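Structure data (TSV, C-alpha atoms and all ligand atoms) from structure.tsv:
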chain	number	residue	atom	x	y	z
S	2	MET	CA	24.22	221.25	130.63
S	3	ILE	CA	25.84	224.67	130.37
S	4	SER	CA	25.65	225.85	126.80
S	5	PRO	CA	28.84	226.86	124.97
S	6	SER	CA	28.94	230.20	123.16
S	7	ASP	CA	27.00	230.81	119.96
S	8	LYS	CA	30.38	231.26	118.26
S	9	ILE	CA	31.23	227.64	119.00
S	10	LYS	CA	27.74	226.51	118.01
S	11	ASN	CA	27.89	228.41	114.73
S	12	LEU	CA	31.07	226.65	113.59
S	13	PRO	CA	30.72	224.07	110.84
S	14	PRO	CA	31.97	220.57	111.81
S	15	TYR	CA	35.77	220.57	111.87
S	16	LEU	CA	37.02	218.88	108.73
S	17	PHE	CA	39.91	216.97	110.23
S	18	GLY	CA	37.74	215.88	113.15
S	19	ALA	CA	35.40	214.26	110.61
S	20	ILE	CA	38.34	212.56	108.89
S	21	ASP	CA	39.60	211.31	112.25
S	22	VAL	CA	36.24	209.70	112.97
S	23	LEU	CA	36.47	207.85	109.65
S	24	LYS	CA	40.06	206.83	110.28
S	25	ASN	CA	39.33	205.62	113.79
S	26	ARG	CA	36.42	203.55	112.53
S	27	ALA	CA	38.67	202.00	109.87
S	28	HIS	CA	41.37	201.28	112.46
S	29	ALA	CA	38.76	199.70	114.74
S	30	ASN	CA	37.73	197.45	111.82
S	31	LYS	CA	41.39	196.41	111.58
S	32	GLN	CA	41.77	198.08	108.19
S	33	ASP	CA	45.23	199.08	107.00
S	34	VAL	CA	44.70	202.84	106.63
S	35	ILE	CA	46.64	204.84	104.03
S	36	ASP	CA	46.35	208.37	105.33
S	37	MET	CA	46.22	211.05	102.65
S	38	GLY	CA	43.74	213.18	104.54
S	39	MET	CA	45.49	215.82	106.59
S	40	GLY	CA	48.40	217.90	105.25
S	41	ASN	CA	50.70	216.53	107.92
S	42	PRO	CA	54.18	216.09	106.42
S	43	ASP	CA	55.59	212.59	106.98
S	44	LEU	CA	59.22	213.48	106.21
S	45	PRO	CA	61.61	214.30	109.07
S	46	THR	CA	62.72	217.73	110.24
S	47	PRO	CA	66.27	218.51	109.00
S	48	LYS	CA	68.88	216.90	111.26
S	49	CYS	CA	70.71	220.18	111.91
S	50	VAL	CA	67.50	221.71	113.28
S	51	VAL	CA	66.86	218.77	115.61
S	52	GLU	CA	70.49	218.96	116.76
S	53	ARG	CA	70.16	222.67	117.46
S	54	LEU	CA	67.11	221.97	119.61
S	55	VAL	CA	68.80	219.20	121.61
S	56	ASP	CA	71.95	221.24	122.06
S	57	THR	CA	70.09	224.36	123.15
S	58	VAL	CA	67.75	222.60	125.53
S	59	THR	CA	70.63	220.66	127.08
S	60	LYS	CA	73.24	223.35	127.38
S	61	HIS	CA	71.24	226.53	127.86
S	62	PRO	CA	68.76	226.30	130.73
S	63	ARG	CA	67.91	229.97	130.32
S	64	THR	CA	65.94	228.88	127.27
S	65	HIS	CA	63.63	226.98	129.64
S	66	ARG	CA	62.22	230.25	130.93
S	67	TYR	CA	59.26	232.16	129.51
S	68	PRO	CA	60.05	233.34	125.99
S	69	GLN	CA	59.53	236.85	124.63
S	70	ALA	CA	55.95	236.84	123.37
S	71	LYS	CA	56.54	238.58	120.04
S	72	GLY	CA	59.69	236.56	119.42
S	73	MET	CA	63.31	237.04	120.49
S	74	PRO	CA	65.29	239.65	118.52
S	75	LYS	CA	67.50	236.93	117.00
S	76	PHE	CA	64.47	235.11	115.62
S	77	ARG	CA	62.86	238.26	114.24
S	78	LYS	CA	66.15	239.24	112.61
S	79	ALA	CA	66.44	235.76	111.07
S	80	ILE	CA	62.96	236.19	109.54
S	81	CYS	CA	63.92	239.58	108.09
S	82	ASP	CA	67.26	238.27	106.73
S	83	TRP	CA	65.37	235.40	105.11
S	84	TYR	CA	62.91	237.81	103.43
S	85	ASP	CA	65.81	239.83	102.09
S	86	ARG	CA	67.63	236.77	100.70
S	87	ARG	CA	64.53	235.01	99.41
S	88	PHE	CA	62.39	237.87	98.09
S	89	GLY	CA	64.60	240.98	98.18
S	90	VAL	CA	62.20	242.47	100.75
S	91	LYS	CA	63.68	244.67	103.48
S	92	LEU	CA	61.96	244.50	106.86
S	93	ASP	CA	62.64	246.01	110.27
S	94	PRO	CA	63.05	243.18	112.84
S	95	ASP	CA	61.75	245.42	115.63
S	96	THR	CA	58.40	246.22	114.10
S	97	GLU	CA	57.84	244.18	110.94
S	98	ALA	CA	58.18	240.56	112.11
S	99	VAL	CA	56.43	238.63	114.89
S	100	ALA	CA	56.94	235.02	116.02
S	101	LEU	CA	53.85	232.81	116.09
S	102	ILE	CA	52.90	229.45	117.55
S	103	GLY	CA	52.30	228.39	113.95
S	104	SER	CA	50.67	230.55	111.29
S	105	LYS	CA	47.27	229.06	112.14
S	106	GLU	CA	47.44	230.61	115.61
S	107	GLY	CA	48.48	233.98	114.20
S	108	ILE	CA	45.65	234.14	111.68
S	109	ALA	CA	43.03	233.29	114.32
S	110	HIS	CA	44.44	235.90	116.70
S	111	LEU	CA	44.67	238.57	114.05
S	112	TYR	CA	40.95	238.17	113.44
S	113	LEU	CA	40.30	238.41	117.18
S	114	ALA	CA	42.44	241.50	117.45
S	115	TYR	CA	40.65	243.32	114.62
S	116	LEU	CA	37.06	242.16	114.44
S	117	ASN	CA	34.12	243.60	116.31
S	118	GLN	CA	30.80	241.78	116.25
S	119	GLY	CA	29.57	241.62	112.65
S	120	ASP	CA	32.71	243.07	111.02
S	121	LEU	CA	33.09	241.70	107.54
S	122	VAL	CA	35.90	239.53	106.18
S	123	LEU	CA	36.35	238.49	102.55
S	124	VAL	CA	37.16	234.78	102.62
S	125	PRO	CA	37.84	232.47	99.67
S	126	ASN	CA	35.65	229.41	99.18
S	127	PRO	CA	37.10	226.76	99.33
S	128	CYS	CA	39.69	227.69	101.93
S	129	TYR	CA	41.94	226.36	104.67
S	130	PRO	CA	39.39	225.99	107.50
S	131	VAL	CA	40.81	228.56	109.97
S	132	HIS	CA	40.47	231.29	107.33
S	133	TYR	CA	36.71	230.92	107.72
S	134	ASN	CA	36.31	229.48	111.22
S	135	GLY	CA	38.59	232.11	112.73
S	136	VAL	CA	36.14	234.80	111.61
S	137	VAL	CA	33.19	232.95	113.16
S	138	LEU	CA	35.10	232.53	116.44
S	139	ALA	CA	35.93	236.22	116.47
S	140	GLY	CA	32.25	237.13	116.02
S	141	GLY	CA	32.84	238.52	112.54
S	142	ALA	CA	30.79	238.04	109.39
S	143	VAL	CA	32.01	236.32	106.23
S	144	HIS	CA	31.57	237.29	102.60
S	145	LEU	CA	32.62	234.29	100.54
S	146	MET	CA	34.70	234.76	97.41
S	147	PRO	CA	34.23	231.72	95.14
S	148	LEU	CA	37.40	230.14	93.75
S	149	ARG	CA	36.52	228.80	90.34
S	150	GLU	CA	38.67	226.62	88.15
S	151	GLU	CA	38.02	228.87	85.13
S	152	ASN	CA	39.52	231.85	87.05
S	153	GLY	CA	42.60	229.89	88.06
S	154	TYR	CA	41.08	229.63	91.54
S	155	LEU	CA	41.59	233.35	92.12
S	156	PRO	CA	38.77	235.45	93.61
S	157	ASP	CA	37.09	237.66	91.02
S	158	LEU	CA	37.47	241.04	92.72
S	159	ALA	CA	35.24	242.76	90.18
S	160	SER	CA	32.28	240.64	91.23
S	161	ILE	CA	32.42	241.75	94.88
S	162	PRO	CA	29.43	244.09	95.37
S	163	GLU	CA	30.23	247.73	96.18
S	164	LYS	CA	28.32	247.54	99.48
S	165	VAL	CA	30.43	244.58	100.56
S	166	ARG	CA	33.71	246.26	99.56
S	167	LYS	CA	32.83	249.29	101.67
S	168	ARG	CA	31.99	247.17	104.70
S	169	ALA	CA	34.90	244.73	104.50
S	170	LYS	CA	37.69	245.10	107.02
S	171	ILE	CA	39.95	242.17	106.07
S	172	MET	CA	40.56	240.07	102.97
S	173	ILE	CA	42.40	236.78	103.31
S	174	LEU	CA	44.27	235.18	100.43
S	175	ASN	CA	46.40	232.06	100.25
S	176	TYR	CA	48.73	231.19	97.35
S	177	PRO	CA	50.11	228.61	96.76
S	178	ASN	CA	46.62	227.56	97.69
S	179	ASN	CA	45.32	224.96	100.03
S	180	PRO	CA	43.25	223.02	98.99
S	181	THR	CA	43.30	223.69	95.22
S	182	GLY	CA	47.09	223.80	94.66
S	183	ALA	CA	46.57	226.97	92.58
S	184	VAL	CA	49.40	229.51	92.36
S	185	ILE	CA	49.89	233.17	91.47
S	186	GLU	CA	51.14	233.13	87.87
S	187	ASP	CA	51.24	236.88	87.44
S	188	LYS	CA	52.01	239.41	90.15
S	189	LYS	CA	49.62	241.81	88.42
S	190	TYR	CA	46.83	240.05	90.28
S	191	LEU	CA	48.45	240.96	93.60
S	192	GLU	CA	48.87	244.55	92.40
S	193	GLU	CA	45.15	244.61	91.73
S	194	VAL	CA	44.58	243.31	95.28
S	195	VAL	CA	46.73	246.15	96.68
S	196	ARG	CA	44.77	248.77	94.71
S	197	PHE	CA	41.49	247.24	95.86
S	198	ALA	CA	42.63	247.16	99.50
S	199	LYS	CA	43.85	250.77	99.40
S	200	LYS	CA	40.69	252.05	97.78
S	201	TYR	CA	38.38	250.34	100.27
S	202	ASP	CA	40.66	250.46	103.31
S	203	ILE	CA	40.93	246.72	103.75
S	204	ILE	CA	43.68	244.74	105.51
S	205	VAL	CA	45.14	241.99	103.33
S	206	VAL	CA	46.11	238.85	105.19
S	207	TYR	CA	48.31	236.80	102.88
S	208	ASP	CA	48.85	233.20	103.93
S	209	ASN	CA	52.07	232.06	102.29
S	210	ALA	CA	52.48	228.76	104.15
S	211	TYR	CA	53.46	226.93	100.93
S	212	SER	CA	55.78	229.54	99.39
S	213	GLU	CA	58.70	227.07	99.40
S	214	VAL	CA	56.80	223.93	98.46
S	215	THR	CA	57.03	224.53	94.72
S	216	PHE	CA	58.08	222.39	91.79
S	217	GLY	CA	60.03	222.86	88.56
S	218	ASP	CA	60.61	226.47	87.56
S	219	TYR	CA	57.72	227.84	89.55
S	220	ASP	CA	58.77	230.46	92.11
S	221	ALA	CA	56.05	231.66	94.50
S	222	PRO	CA	55.99	235.42	95.17
S	223	SER	CA	55.66	237.18	98.50
S	224	PHE	CA	52.80	239.66	98.88
S	225	LEU	CA	55.37	241.98	100.43
S	226	GLN	CA	57.28	242.10	97.12
S	227	VAL	CA	54.37	243.83	95.49
S	228	LYS	CA	54.48	247.62	95.47
S	229	GLY	CA	52.31	248.87	98.31
S	230	GLY	CA	51.88	245.35	99.73
S	231	LYS	CA	53.37	246.33	103.07
S	232	ASP	CA	51.06	249.37	103.26
S	233	VAL	CA	47.98	247.18	103.36
S	234	GLY	CA	49.02	243.74	104.42
S	235	VAL	CA	50.74	241.16	106.51
S	236	GLU	CA	52.06	237.83	105.35
S	237	PHE	CA	51.96	234.61	107.34
S	238	GLY	CA	54.82	232.14	107.03
S	239	SER	CA	55.17	228.61	108.30
S	240	PHE	CA	57.98	226.19	109.13
S	241	SER	CA	55.56	223.27	109.02
S	242	LYS	CA	55.78	222.37	105.36
S	243	THR	CA	59.10	223.88	104.24
S	244	TYR	CA	61.10	222.19	107.01
S	245	ASN	CA	58.71	219.39	108.01
S	246	MET	CA	58.21	221.04	111.39
S	247	ALA	CA	54.42	220.83	111.72
S	248	GLY	CA	54.64	219.52	115.28
S	249	TRP	CA	57.10	222.17	116.47
S	250	ARG	CA	54.47	224.90	116.39
S	251	ILE	CA	56.38	227.85	115.08
S	252	GLY	CA	55.62	230.36	112.36
S	253	TRP	CA	55.69	234.08	111.75
S	254	ALA	CA	53.88	237.15	110.51
S	255	ALA	CA	55.73	239.85	108.58
S	256	GLY	CA	54.79	243.14	106.97
S	257	ASN	CA	52.79	246.17	108.07
S	258	SER	CA	54.10	247.39	111.43
S	259	GLU	CA	50.82	248.86	112.65
S	260	ILE	CA	48.91	245.62	112.03
S	261	LEU	CA	51.69	243.52	113.56
S	262	GLY	CA	51.77	245.81	116.59
S	263	VAL	CA	48.08	245.12	117.16
S	264	LEU	CA	48.61	241.38	116.72
S	265	ALA	CA	51.61	241.33	119.09
S	266	LYS	CA	49.67	243.30	121.67
S	267	TYR	CA	46.70	240.94	121.49
S	268	LYS	CA	48.95	237.91	121.78
S	269	SER	CA	50.82	239.36	124.74
S	270	TYR	CA	47.59	239.19	126.75
S	271	LEU	CA	46.93	235.56	125.82
S	272	ASP	CA	50.11	233.57	125.27
S	273	TYR	CA	53.81	233.61	125.99
S	274	GLY	CA	54.84	232.89	122.46
S	275	VAL	CA	57.10	230.19	121.07
S	276	PRO	CA	59.54	228.37	123.42
S	277	THR	CA	62.97	229.98	123.12
S	278	PHE	CA	64.68	226.70	122.15
S	279	VAL	CA	62.14	226.25	119.35
S	280	GLN	CA	62.77	229.81	118.14
S	281	LEU	CA	66.52	229.13	118.07
S	282	SER	CA	65.88	225.94	116.11
S	283	GLY	CA	63.77	228.03	113.74
S	284	VAL	CA	66.75	230.36	113.27
S	285	ARG	CA	68.81	227.32	112.24
S	286	ALA	CA	66.13	226.24	109.77
S	287	LEU	CA	66.04	229.70	108.20
S	288	GLU	CA	69.78	229.46	107.54
S	289	LEU	CA	69.17	226.51	105.22
S	290	GLU	CA	69.30	227.03	101.50
S	291	LYS	CA	67.04	225.87	98.71
S	292	LYS	CA	69.34	222.91	98.02
S	293	ASP	CA	68.85	221.73	101.60
S	294	ILE	CA	65.07	221.50	101.28
S	295	GLN	CA	65.21	220.18	97.71
S	296	PRO	CA	65.13	216.50	98.80
S	297	THR	CA	61.71	217.10	100.41
S	298	LEU	CA	60.43	218.71	97.22
S	299	ASP	CA	61.90	215.94	95.07
S	300	GLU	CA	60.18	213.35	97.21
S	301	TYR	CA	56.78	215.07	96.83
S	302	GLU	CA	57.34	215.37	93.12
S	303	LYS	CA	58.21	211.68	92.82
S	304	ARG	CA	54.99	210.80	94.63
S	305	PHE	CA	52.92	213.18	92.46
S	306	ASP	CA	54.43	211.86	89.24
S	307	PHE	CA	53.76	208.25	90.15
S	308	PHE	CA	50.27	208.80	91.48
S	309	VAL	CA	48.99	211.19	88.81
S	310	LYS	CA	50.10	208.76	86.10
S	311	LYS	CA	48.56	205.77	87.85
S	312	LEU	CA	45.28	207.57	88.54
S	313	SER	CA	45.04	208.61	84.92
S	314	SER	CA	45.55	204.96	83.86
S	315	ILE	CA	42.35	204.03	85.73
S	316	GLY	CA	40.31	206.92	84.36
S	317	TRP	CA	40.79	209.39	87.22
S	318	ASP	CA	42.27	212.46	85.59
S	319	VAL	CA	44.05	214.82	87.96
S	320	LYS	CA	46.56	217.57	87.37
S	321	LYS	CA	49.87	217.79	89.19
S	322	PRO	CA	50.02	221.22	90.85
S	323	LYS	CA	52.95	223.65	90.62
S	324	ALA	CA	53.06	223.92	94.39
S	325	THR	CA	51.74	222.42	97.66
S	326	MET	CA	51.57	218.71	98.36
S	327	TYR	CA	47.91	218.39	97.42
S	328	LEU	CA	46.05	216.90	94.51
S	329	TRP	CA	42.75	218.70	94.11
S	330	ALA	CA	40.88	215.92	92.41
S	331	LYS	CA	37.40	215.98	90.87
S	332	ILE	CA	35.45	213.00	92.13
S	333	PRO	CA	35.91	210.51	89.31
S	334	PRO	CA	33.34	208.76	87.21
S	335	PRO	CA	31.65	206.40	88.22
S	336	TYR	CA	31.18	208.29	91.49
S	337	ALA	CA	30.86	211.76	89.99
S	338	ASN	CA	27.44	212.56	91.39
S	339	MET	CA	28.25	211.52	94.92
S	340	PRO	CA	28.67	214.25	97.56
S	341	SER	CA	32.34	214.52	98.55
S	342	LEU	CA	31.78	213.53	102.18
S	343	GLU	CA	29.91	210.38	101.13
S	344	PHE	CA	32.61	209.62	98.61
S	345	ALA	CA	35.37	210.03	101.21
S	346	GLU	CA	33.44	207.81	103.61
S	347	LEU	CA	32.90	205.14	100.99
S	348	LEU	CA	36.55	205.35	99.94
S	349	ILE	CA	37.92	204.77	103.42
S	350	GLU	CA	35.38	202.07	104.23
S	351	THR	CA	36.10	200.13	101.04
S	352	THR	CA	39.81	200.79	100.52
S	353	GLY	CA	41.22	202.15	103.79
S	354	ILE	CA	42.40	205.28	101.94
S	355	ALA	CA	41.70	208.53	103.81
S	356	VAL	CA	41.29	211.74	101.78
S	357	ALA	CA	39.79	215.13	102.66
S	358	PRO	CA	36.28	215.74	101.25
S	359	GLY	CA	36.12	219.00	99.30
S	360	ILE	CA	33.01	220.18	101.16
S	361	GLY	CA	35.13	220.47	104.32
S	362	PHE	CA	36.88	223.45	102.68
S	363	GLY	CA	33.64	225.17	101.65
S	364	THR	CA	30.67	224.75	99.35
S	365	TYR	CA	32.74	225.43	96.21
S	366	GLY	CA	34.88	222.46	97.24
S	367	GLU	CA	31.94	220.14	96.63
S	368	GLY	CA	32.63	217.68	93.83
S	369	PHE	CA	36.31	217.40	94.81
S	370	VAL	CA	38.54	215.59	97.26
S	371	ARG	CA	41.97	216.69	98.41
S	372	ILE	CA	44.62	214.00	98.35
S	373	ALA	CA	47.76	214.83	100.35
S	374	MET	CA	51.09	213.33	99.25
S	375	VAL	CA	52.13	212.66	102.82
S	376	THR	CA	52.66	208.95	103.00
S	377	HIS	CA	55.68	206.81	102.12
S	378	TYR	CA	56.37	206.38	98.39
S	379	LYS	CA	55.93	202.60	98.72
S	380	ARG	CA	52.37	203.10	99.95
S	381	PHE	CA	51.35	204.84	96.73
S	382	HIS	CA	51.55	201.57	94.79
S	383	ASP	CA	49.31	199.97	97.38
S	384	ALA	CA	46.93	202.91	97.21
S	385	PHE	CA	46.83	202.62	93.43
S	386	LEU	CA	45.97	198.89	93.52
S	387	ARG	CA	43.16	199.52	95.97
S	388	LEU	CA	41.82	202.41	93.88
S	389	LYS	CA	41.97	200.36	90.70
S	390	LYS	CA	39.60	197.84	92.28
S	391	PHE	CA	37.45	200.63	93.71
S	392	MET	CA	37.08	202.27	90.30
S	393	LYS	CA	36.17	198.99	88.62
S	394	ASN	CA	33.58	197.89	91.14
S	395	PRO	CA	31.57	200.81	92.45
S	396	PRO	CA	29.97	199.17	95.52
S	397	SER	CA	26.82	201.27	95.17
S	398	GLN	CA	26.23	199.79	91.72
S	399	LYS	CA	26.83	196.16	92.63
H	1	LIG	C1	47.13	227.43	104.01
H	1	LIG	C2	47.64	227.04	105.35
H	1	LIG	N1	47.94	227.99	106.23
H	1	LIG	C3	48.40	227.70	107.45
H	1	LIG	C4	48.57	226.39	107.84
H	1	LIG	C5	49.03	226.10	109.24
H	1	LIG	O1	50.37	226.24	109.34
H	1	LIG	P1	51.10	226.22	110.75
H	1	LIG	O2	51.50	224.81	111.00
H	1	LIG	O3	52.26	227.16	110.54
H	1	LIG	O4	50.13	226.73	111.77
H	1	LIG	C6	48.28	225.35	106.97
H	1	LIG	C7	48.44	223.96	107.38
H	1	LIG	O5	48.05	223.03	106.74
H	1	LIG	C8	47.80	225.69	105.69
H	1	LIG	O6	47.48	224.75	104.80

Since I need it in another form, could you write the structure as structure tokens?
Amino acid sequence: MISPSDKIKNLPPYLFGAIDVLKNRAHANKQDVIDMGMGNPDLPTPKCVVERLVDTVTKHPRTHRYPQAKGMPKFRKAICDWYDRRFGVKLDPDTEAVALIGSKEGIAHLYLAYLNQGDLVLVPNPCYPVHYNGVVLAGGAVHLMPLREENGYLPDLASIPEKVRKRAKIMILNYPNNPTGAVIEDKKYLEEVVRFAKKYDIIVVYDNAYSEVTFGDYDAPSFLQVKGGKDVGVEFGSFSKTYNMAGWRIGWAAGNSEILGVLAKYKSYLDYGVPTFVQLSGVRALELEKKDIQPTLDEYEKRFDFFVKKLSSIGWDVKKPKATMYLWAKIPPPYANMPSLEFAELLIETTGIAVAPGIGFGTYGEGFVRIAMVTHYKRFHDAFLRLKKFMKNPPSQK
């Protein structure tokens, strides 16, 4: 057999692949699976966005042609107008916004565009898998920054050794955070990041995929709002969660023009960008206001409120996050000493409930599971009843 590259071989097992294996096994055993594993929104895309797609595809055959790789001017302008309205950040549509086939694609390509063999990237642990795997695939090296509960799941910049700081080329950050649900409470932290990046000449990649999935009074900042943010960084945005458009594959990068120029150039050699009719649908989505996406947020909040209360009633204490649709839950007693992958396996085998094992996000995720609020509200009662039984009768102790 012809061997794949070392880059492929060096990748850790893909988290959602592992969850799929578990789900498929449960399906094969005729179990009724409640899927809280992947962060795949179950709610529909706004009707006006779907209508724009249908209308465009039907009436404008020119949109069936190859798109402009870095995004059509109308789309890039819509991104910049949105930044101005949402964050008061002024951007130049020509040079400071690029369309992406989802933010995941953009992050992976940015690494490829910047990293030579062995170049160092500062990556949080735990993290959204592409933040780490993208570096491995690009041939780079990773320095892990632990996210600890006692630090509000923020990397402790002071603890990064001087030698590492000097070598690092990129730092990736993600708030509101997947998987921990942590948020930036004080922009001073981001100011510290800017100072750090300037001093050591590091690119900051800020993944803001959940900036709009926030609850109550919490308002997530943009990295580009921070003084000097645009000098050192680019921010990745996503339609997937805000507008329930995960399957449409559209996102963006905004910020530093030099970095975005490199990304756009790299992409132009590899892909043709986002279909024009999808970009135009994205423009429609960006015209929506907070009140239009509020029903999605209210639905997540209703699910959180119900589930957090019910879990607590059976001795599984979890905290509702200020943002994201994830519960970052410590593995409960009586299973507390079980590795998260084993726990997730046991959970799906015994109850049919799929969750993401914390280890899949990195070693500091061990001891946790991530529970995504992406199934119908009615299913949460079912999930609770199954968990109640599961908590009472740990199969391993029967
Ligand atoms: C932190 C984070 N970034 C990026 C993405 C991917 O977003 P997109 O669908 O825009 O590629 C996800 C998806 O779950 C995510 O959690």

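Distance check against Leu148 (chain S) using all atoms listed in the file: of S:Val99, S:Asp306, S:Gln226, S:Thr364, the minimum falls on S:Thr364.
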
Selection within 8 Å of ligand LIG 1 (chain H) by only C-alpha atoms and all ligand atoms, output as a PDB file with C-alpha atoms, in the frame of the given file:
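Saved as selection.pdb:
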ATOM      1  CA  MET S  39      45.490 215.820 106.590  1.00  0.00           C
ATOM      2  CA  GLY S  40      48.400 217.900 105.250  1.00  0.00           C
ATOM      3  CA  ASN S  41      50.700 216.530 107.920  1.00  0.00           C
ATOM      4  CA  ILE S 102      52.900 229.450 117.550  1.00  0.00           C
ATOM      5  CA  GLY S 103      52.300 228.390 113.950  1.00  0.00           C
ATOM      6  CA  SER S 104      50.670 230.550 111.290  1.00  0.00           C
ATOM      7  CA  LYS S 105      47.270 229.060 112.140  1.00  0.00           C
ATOM      8  CA  GLU S 106      47.440 230.610 115.610  1.00  0.00           C
ATOM      9  CA  GLY S 107      48.480 233.980 114.200  1.00  0.00           C
ATOM     10  CA  CYS S 128      39.690 227.690 101.930  1.00  0.00           C
ATOM     11  CA  TYR S 129      41.940 226.360 104.670  1.00  0.00           C
ATOM     12  CA  ASN S 175      46.400 232.060 100.250  1.00  0.00           C
ATOM     13  CA  TYR S 176      48.730 231.190  97.350  1.00  0.00           C
ATOM     14  CA  PRO S 177      50.110 228.610  96.760  1.00  0.00           C
ATOM     15  CA  ASN S 178      46.620 227.560  97.690  1.00  0.00           C
ATOM     16  CA  ASN S 179      45.320 224.960 100.030  1.00  0.00           C
ATOM     17  CA  PRO S 180      43.250 223.020  98.990  1.00  0.00           C
ATOM     18  CA  ASP S 208      48.850 233.200 103.930  1.00  0.00           C
ATOM     19  CA  ASN S 209      52.070 232.060 102.290  1.00  0.00           C
ATOM     20  CA  ALA S 210      52.480 228.760 104.150  1.00  0.00           C
ATOM     21  CA  TYR S 211      53.460 226.930 100.930  1.00  0.00           C
ATOM     22  CA  PHE S 237      51.960 234.610 107.340  1.00  0.00           C
ATOM     23  CA  GLY S 238      54.820 232.140 107.030  1.00  0.00           C
ATOM     24  CA  SER S 239      55.170 228.610 108.300  1.00  0.00           C
ATOM     25  CA  PHE S 240      57.980 226.190 109.130  1.00  0.00           C
ATOM     26  CA  SER S 241      55.560 223.270 109.020  1.00  0.00           C
ATOM     27  CA  LYS S 242      55.780 222.370 105.360  1.00  0.00           C
ATOM     28  CA  MET S 246      58.210 221.040 111.390  1.00  0.00           C
ATOM     29  CA  ALA S 247      54.420 220.830 111.720  1.00  0.00           C
ATOM     30  CA  GLY S 248      54.640 219.520 115.280  1.00  0.00           C
ATOM     31  CA  ARG S 250      54.470 224.900 116.390  1.00  0.00           C
ATOM     32  CA  ILE S 251      56.380 227.850 115.080  1.00  0.00           C
ATOM     33  CA  GLY S 252      55.620 230.360 112.360  1.00  0.00           C
ATOM     34  CA  TRP S 253      55.690 234.080 111.750  1.00  0.00           C
TER      35      TRP S 253
END

**Q.** Nearest to Glu343 (chain S), chosen from S:His377, S:Leu101, S:Glu367, S:Trp329, with only C-alpha atoms counted in the distances
**A.**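 Ranking S:His377, S:Leu101, S:Glu367, S:Trp329 by distance to Glu343 (chain S), first place goes to S:Glu367.
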
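Each of S:Asp43, S:Ile9, S:Gln69, S:Pro322 was compared to Gly153 (chain S) using only C-alpha atoms, and S:Pro322 turns out to be the nearest.
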
(Q) I'd like to know which of S:Thr376, S:Val205, S:Gly38, S:Asp56 is closest to Leu16 (chain S), using only C-alpha atoms. (A) S:Gly38

Q: Please indicate the distance in Å from CA of Tyr67 (chain S) to CA of Pro276 (chain S), rounded to one decimal place.
A: 7.2 Å

Q: Can you work out which one of S:Leu298, S:Ala139, S:Ile161, S:Met37 has the shortest atom-to-atom distance to Tyr244 (chain S), counting all atoms listed in the file?
A: S:Leu298

Q | Of the listed residues S:Asp383, S:Cys81, S:Ala357, S:Gly368, that which approaches Leu23 (chain S) most closely, counting only C-alpha atoms | A | S:Ala357

Q: Compile the contact shell of region 46-52 of chain S as a ChimeraX atom specification: residues with an atom at most 12 Å away, counting only C-alpha atoms, same-chain residues fewer than 2 positions apart removed.
A: /S:42-44,54-60,240-249,278-290,293-297

Any chance you could export the current selection's C-alpha atoms as a short mmCIF file (atom, residue, chain, number, x, y, z; two decimals), keeping the file's coordinate frame?
data_model
loop_
_atom_site.label_atom_id
_atom_site.label_comp_id
_atom_site.auth_asym_id
_atom_site.auth_seq_id
_atom_site.Cartn_x
_atom_site.Cartn_y
_atom_site.Cartn_z
CA PRO S 42 54.18 216.09 106.42
CA ASP S 43 55.59 212.59 106.98
CA LEU S 44 59.22 213.48 106.21
CA LEU S 54 67.11 221.97 119.61
CA VAL S 55 68.80 219.20 121.61
CA ASP S 56 71.95 221.24 122.06
CA THR S 57 70.09 224.36 123.15
CA VAL S 58 67.75 222.60 125.53
CA THR S 59 70.63 220.66 127.08
CA LYS S 60 73.24 223.35 127.38
CA PHE S 240 57.98 226.19 109.13
CA SER S 241 55.56 223.27 109.02
CA LYS S 242 55.78 222.37 105.36
CA THR S 243 59.10 223.88 104.24
CA TYR S 244 61.10 222.19 107.01
CA ASN S 245 58.71 219.39 108.01
CA MET S 246 58.21 221.04 111.39
CA ALA S 247 54.42 220.83 111.72
CA GLY S 248 54.64 219.52 115.28
CA TRP S 249 57.10 222.17 116.47
CA PHE S 278 64.68 226.70 122.15
CA VAL S 279 62.14 226.25 119.35
CA GLN S 280 62.77 229.81 118.14
CA LEU S 281 66.52 229.13 118.07
CA SER S 282 65.88 225.94 116.11
CA GLY S 283 63.77 228.03 113.74
CA VAL S 284 66.75 230.36 113.27
CA ARG S 285 68.81 227.32 112.24
CA ALA S 286 66.13 226.24 109.77
CA LEU S 287 66.04 229.70 108.20
CA GLU S 288 69.78 229.46 107.54
CA LEU S 289 69.17 226.51 105.22
CA GLU S 290 69.30 227.03 101.50
CA ASP S 293 68.85 221.73 101.60
CA ILE S 294 65.07 221.50 101.28
CA GLN S 295 65.21 220.18 97.71
CA PRO S 296 65.13 216.50 98.80
CA THR S 297 61.71 217.10 100.41
#

Q | Point-to-point distance from CA of Arg371 (chain S) to CA of Arg304 (chain S), Å rounded to tenths | A | 14.8 Å

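Relative to CA of Leu388 (chain S), CA of Ile315 (chain S) is found at 8.3 Å.
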
Q) What residues have an atom no more than 10 Å from (57.9, 246.2, 99.1) in the file's own frame, counting all atoms listed in the file, and can you write them as a ChimeraX atom specification? A) /S:88-92,223-232,256
